[in-house]
Amino acid sequence: EHPPLYTAGTSADPAELLDPRFPVYDAGRGGRYTYHGPGQRVGYVQLDLAQRGRDVRAYVHALEGWVIDALARLGVEARRAEGRIGIWTDDRDGREAKIGAIGVRVRRWVTLHGFSLNVAPDMTHFGGIVPCGIAEFPVTSLAEL
């Protein structure tokens with residue numbers, strides 16, 4: 001677990017940093033702003049894509065699939081969403097909500113960074129940012145399902 005913080009990916013828009021109540025770090029990964037803190041599980045994956053086809057999109061798709069499969073073992077129906085990177089499920093109100101984020105960087109065909117899964121974080125901490133630049137969908141956690 002990380003202490004509460006925000007990370008900015010290479011596409012982060014300063015207008016999406018709404019209330020920087022925690023430290024903000026440039027992460028050098030793809031994507032926009034995300035929150036990390038207690039109650040999340042974060043996985044850092046290092047793979048040599050030169051040995052796996054040099055396809056970053058296929059790697060991101062596979063990473064989403066690994067997390068979706070792990071959630072299925074916990075009885076959670078999660079999925080990918082067309083045009084949106086990350087792991088999605090339906091919240092208690094039946095709204096599509098993001099339960100996991102993906103942010104990667106590839107250097108010399110070796111992957112860096114990875115994923116975060118919201119287990120039981122303080123969900124109010126996401127209010128300081130527009131998570132992953134997606135304002136129209138809420139963020140959820142396993143504890144909230």
# chains A, B, ... in the order shown; residues from 1 in each chain; ligands from 1
$ residues_around --residues "Gly39 in chain A" --least-positions-apart "4" --cutoff "6 Å" --atoms "only C-alpha atoms" --output "PyMOL selection string"
chain A and resi 119-121
$ write_last_selection --atoms "N, CA and C atoms" --output "compact mmCIF listing (two decimals), in the first residue's frame"
# COMPACT_ATOMS: atom_id res chain seq x y z
N VAL A 119 -9.63 -2.04 -3.21
CA VAL A 119 -10.17 -3.03 -2.29
C VAL A 119 -11.07 -2.33 -1.27
N ALA A 120 -10.49 -1.45 -0.47
CA ALA A 120 -11.28 -0.71 0.53
C ALA A 120 -10.63 0.64 0.84
N PRO A 121 -10.35 1.45 -0.19
CA PRO A 121 -9.75 2.75 0.08
C PRO A 121 -10.80 3.74 0.58
$ select_by_dssp --residues "chain A" --states "alpha helix (DSSP H)" --output "number ranges by chain"
A: 56-73
$ residues_around --residues "range 88-96 of chain A" --least-positions-apart "3" --cutoff "6 Å" --atoms "only C-alpha atoms" --output "compact mmCIF listing (two decimals) with C-alpha atoms, in the first residue's frame"
# COMPACT_ATOMS: atom_id res chain seq x y z
CA ALA A 78 -15.72 -7.20 -14.00
CA ARG A 79 -15.03 -6.31 -17.61
CA ARG A 80 -13.21 -4.11 -20.06
CA ILE A 99 -12.72 -0.59 -9.84
CA LEU A 145 -19.98 -3.68 -3.94
$ closest_residue --among "A:Pro20, A:Glu64, A:Pro131, A:Tyr59" --to "Arg32 in chain A" --atoms "only C-alpha atoms"
A:Pro131
$ residues_around --residues "Ser11 in chain A" --least-positions-apart "2" --cutoff "7 Å" --atoms "only C-alpha atoms" --output "number ranges by chain"
A: 9, 13, 30-32
$ residues_around --residues "Gly103 in chain A" --least-positions-apart "5" --cutoff "10 Å" --atoms "only C-alpha atoms" --output "PyMOL selection string"
chain A and resi 9-10+27-34+44+60+85-86+112-116+132
$ write_last_selection --atoms "C-alpha atoms" --output "PDB file, in the first residue's frame"
ATOM      1  CA  GLY A   9       0.644  10.204 -16.167  1.00  0.00           C
ATOM      2  CA  THR A  10       2.066  11.626 -19.364  1.00  0.00           C
ATOM      3  CA  ALA A  27       4.850   9.016 -12.736  1.00  0.00           C
ATOM      4  CA  GLY A  28       6.195   8.788 -16.289  1.00  0.00           C
ATOM      5  CA  ARG A  29       3.532   6.212 -17.124  1.00  0.00           C
ATOM      6  CA  GLY A  30       0.717   6.524 -19.604  1.00  0.00           C
ATOM      7  CA  GLY A  31      -2.619   7.918 -18.583  1.00  0.00           C
ATOM      8  CA  ARG A  32      -3.789  10.851 -16.531  1.00  0.00           C
ATOM      9  CA  TYR A  33      -4.253  11.419 -12.782  1.00  0.00           C
ATOM     10  CA  THR A  34      -4.922   8.582 -10.392  1.00  0.00           C
ATOM     11  CA  TYR A  44       4.086  -3.463 -10.622  1.00  0.00           C
ATOM     12  CA  VAL A  60      -2.512  -3.725 -21.612  1.00  0.00           C
ATOM     13  CA  ILE A  85      -8.626   1.469 -20.268  1.00  0.00           C
ATOM     14  CA  GLY A  86      -9.105  -0.114 -16.860  1.00  0.00           C
ATOM     15  CA  LEU A 112       7.057  -0.684 -15.929  1.00  0.00           C
ATOM     16  CA  HIS A 113       4.234   0.330 -13.574  1.00  0.00           C
ATOM     17  CA  GLY A 114       1.069  -1.795 -13.822  1.00  0.00           C
ATOM     18  CA  PHE A 115      -2.336  -1.744 -12.134  1.00  0.00           C
ATOM     19  CA  SER A 116      -4.188  -0.680  -9.010  1.00  0.00           C
ATOM     20  CA  CYS A 132      -8.062   8.821 -15.286  1.00  0.00           C
TER      21      CYS A 132
END
$ closest_residue --among "A:Gly37, A:Gly83, A:Gly128, A:Gly43" --to "Glu16 in chain A" --atoms "only C-alpha atoms"
A:Gly128
$ closest_residue --among "A:Gln46, A:Ala12, A:Asn118, A:Tyr25" --to "Arg105 in chain A" --atoms "only C-alpha atoms"
A:Gln46
$ select_by_dssp --residues "chain A" --states "strand (DSSP E or B)" --output "ChimeraX atom specification"
/A:5-8,17,24-26,33-36,40-44,48,79-81,84-90,96-107,110-118,129,139
$ residues_around --residues "Arg52 in chain A" --least-positions-apart "3" --cutoff "12 Å" --atoms "only C-alpha atoms" --output "short mmCIF file (atom, residue, chain, number, x, y, z; two decimals) with C-alpha atoms, in the first residue's frame"
data_model
loop_
_atom_site.label_atom_id
_atom_site.label_comp_id
_atom_site.auth_asym_id
_atom_site.auth_seq_id
_atom_site.Cartn_x
_atom_site.Cartn_y
_atom_site.Cartn_z
CA LEU A 47 7.94 -8.12 -18.51
CA ASP A 48 10.20 -8.20 -21.54
CA LEU A 49 7.82 -7.49 -24.42
CA ASP A 55 2.65 -5.23 -28.72
CA VAL A 56 1.89 -2.72 -25.96
CA ARG A 57 -1.87 -2.71 -26.64
CA ALA A 58 -1.98 -6.51 -26.35
CA TYR A 59 -0.06 -6.27 -23.07
CA ALA A 62 -3.78 -8.94 -21.07
CA TRP A 109 10.47 -3.16 -24.49
CA VAL A 110 10.41 -3.79 -20.73
CA THR A 111 7.14 -2.92 -18.99
#
$ atom_distance --atom1 "CA of Ile129 in chain A" --atom2 "CA of Leu18 in chain A"
5.1 Å
$ decode --residues "range 3-46 of chain A" --atoms "C-alpha atoms" --output "CSV table (one decimal), in the first residue's frame"
chain,number,residue,atom,x,y,z
A,3,PRO,CA,0.5,6.5,1.6
A,4,PRO,CA,-2.2,8.8,0.1
A,5,LEU,CA,-0.9,10.4,-3.1
A,6,TYR,CA,-1.8,11.3,-6.6
A,7,THR,CA,0.2,10.4,-9.7
A,8,ALA,CA,0.2,12.2,-13.0
A,9,GLY,CA,0.6,10.2,-16.2
A,10,THR,CA,2.1,11.6,-19.4
A,11,SER,CA,-1.4,12.7,-20.5
A,12,ALA,CA,-2.4,14.4,-17.3
A,13,ASP,CA,-4.4,17.7,-17.7
A,14,PRO,CA,-3.8,20.2,-14.9
A,15,ALA,CA,-7.5,21.1,-15.0
A,16,GLU,CA,-8.2,17.6,-13.7
A,17,LEU,CA,-6.3,18.1,-10.5
A,18,LEU,CA,-9.3,19.5,-8.6
A,19,ASP,CA,-8.1,19.6,-5.0
A,20,PRO,CA,-4.4,18.5,-4.5
A,21,ARG,CA,-4.8,17.5,-0.8
A,22,PHE,CA,-2.1,14.9,-1.2
A,23,PRO,CA,1.4,15.0,-2.8
A,24,VAL,CA,1.3,14.8,-6.6
A,25,TYR,CA,4.1,12.9,-8.4
A,26,ASP,CA,4.9,12.7,-12.1
A,27,ALA,CA,4.9,9.0,-12.7
A,28,GLY,CA,6.2,8.8,-16.3
A,29,ARG,CA,3.5,6.2,-17.1
A,30,GLY,CA,0.7,6.5,-19.6
A,31,GLY,CA,-2.6,7.9,-18.6
A,32,ARG,CA,-3.8,10.9,-16.5
A,33,TYR,CA,-4.3,11.4,-12.8
A,34,THR,CA,-4.9,8.6,-10.4
A,35,TYR,CA,-5.0,8.2,-6.6
A,36,HIS,CA,-3.0,5.6,-4.7
A,37,GLY,CA,-3.4,5.0,-1.0
A,38,PRO,CA,-4.3,2.6,1.8
A,39,GLY,CA,-6.9,0.1,0.9
A,40,GLN,CA,-5.6,-0.4,-2.7
A,41,ARG,CA,-3.6,-3.2,-4.0
A,42,VAL,CA,-1.0,-2.1,-6.6
A,43,GLY,CA,0.9,-4.4,-8.9
A,44,TYR,CA,4.1,-3.5,-10.6
A,45,VAL,CA,4.7,-5.8,-13.6
A,46,GLN,CA,8.0,-6.1,-15.4
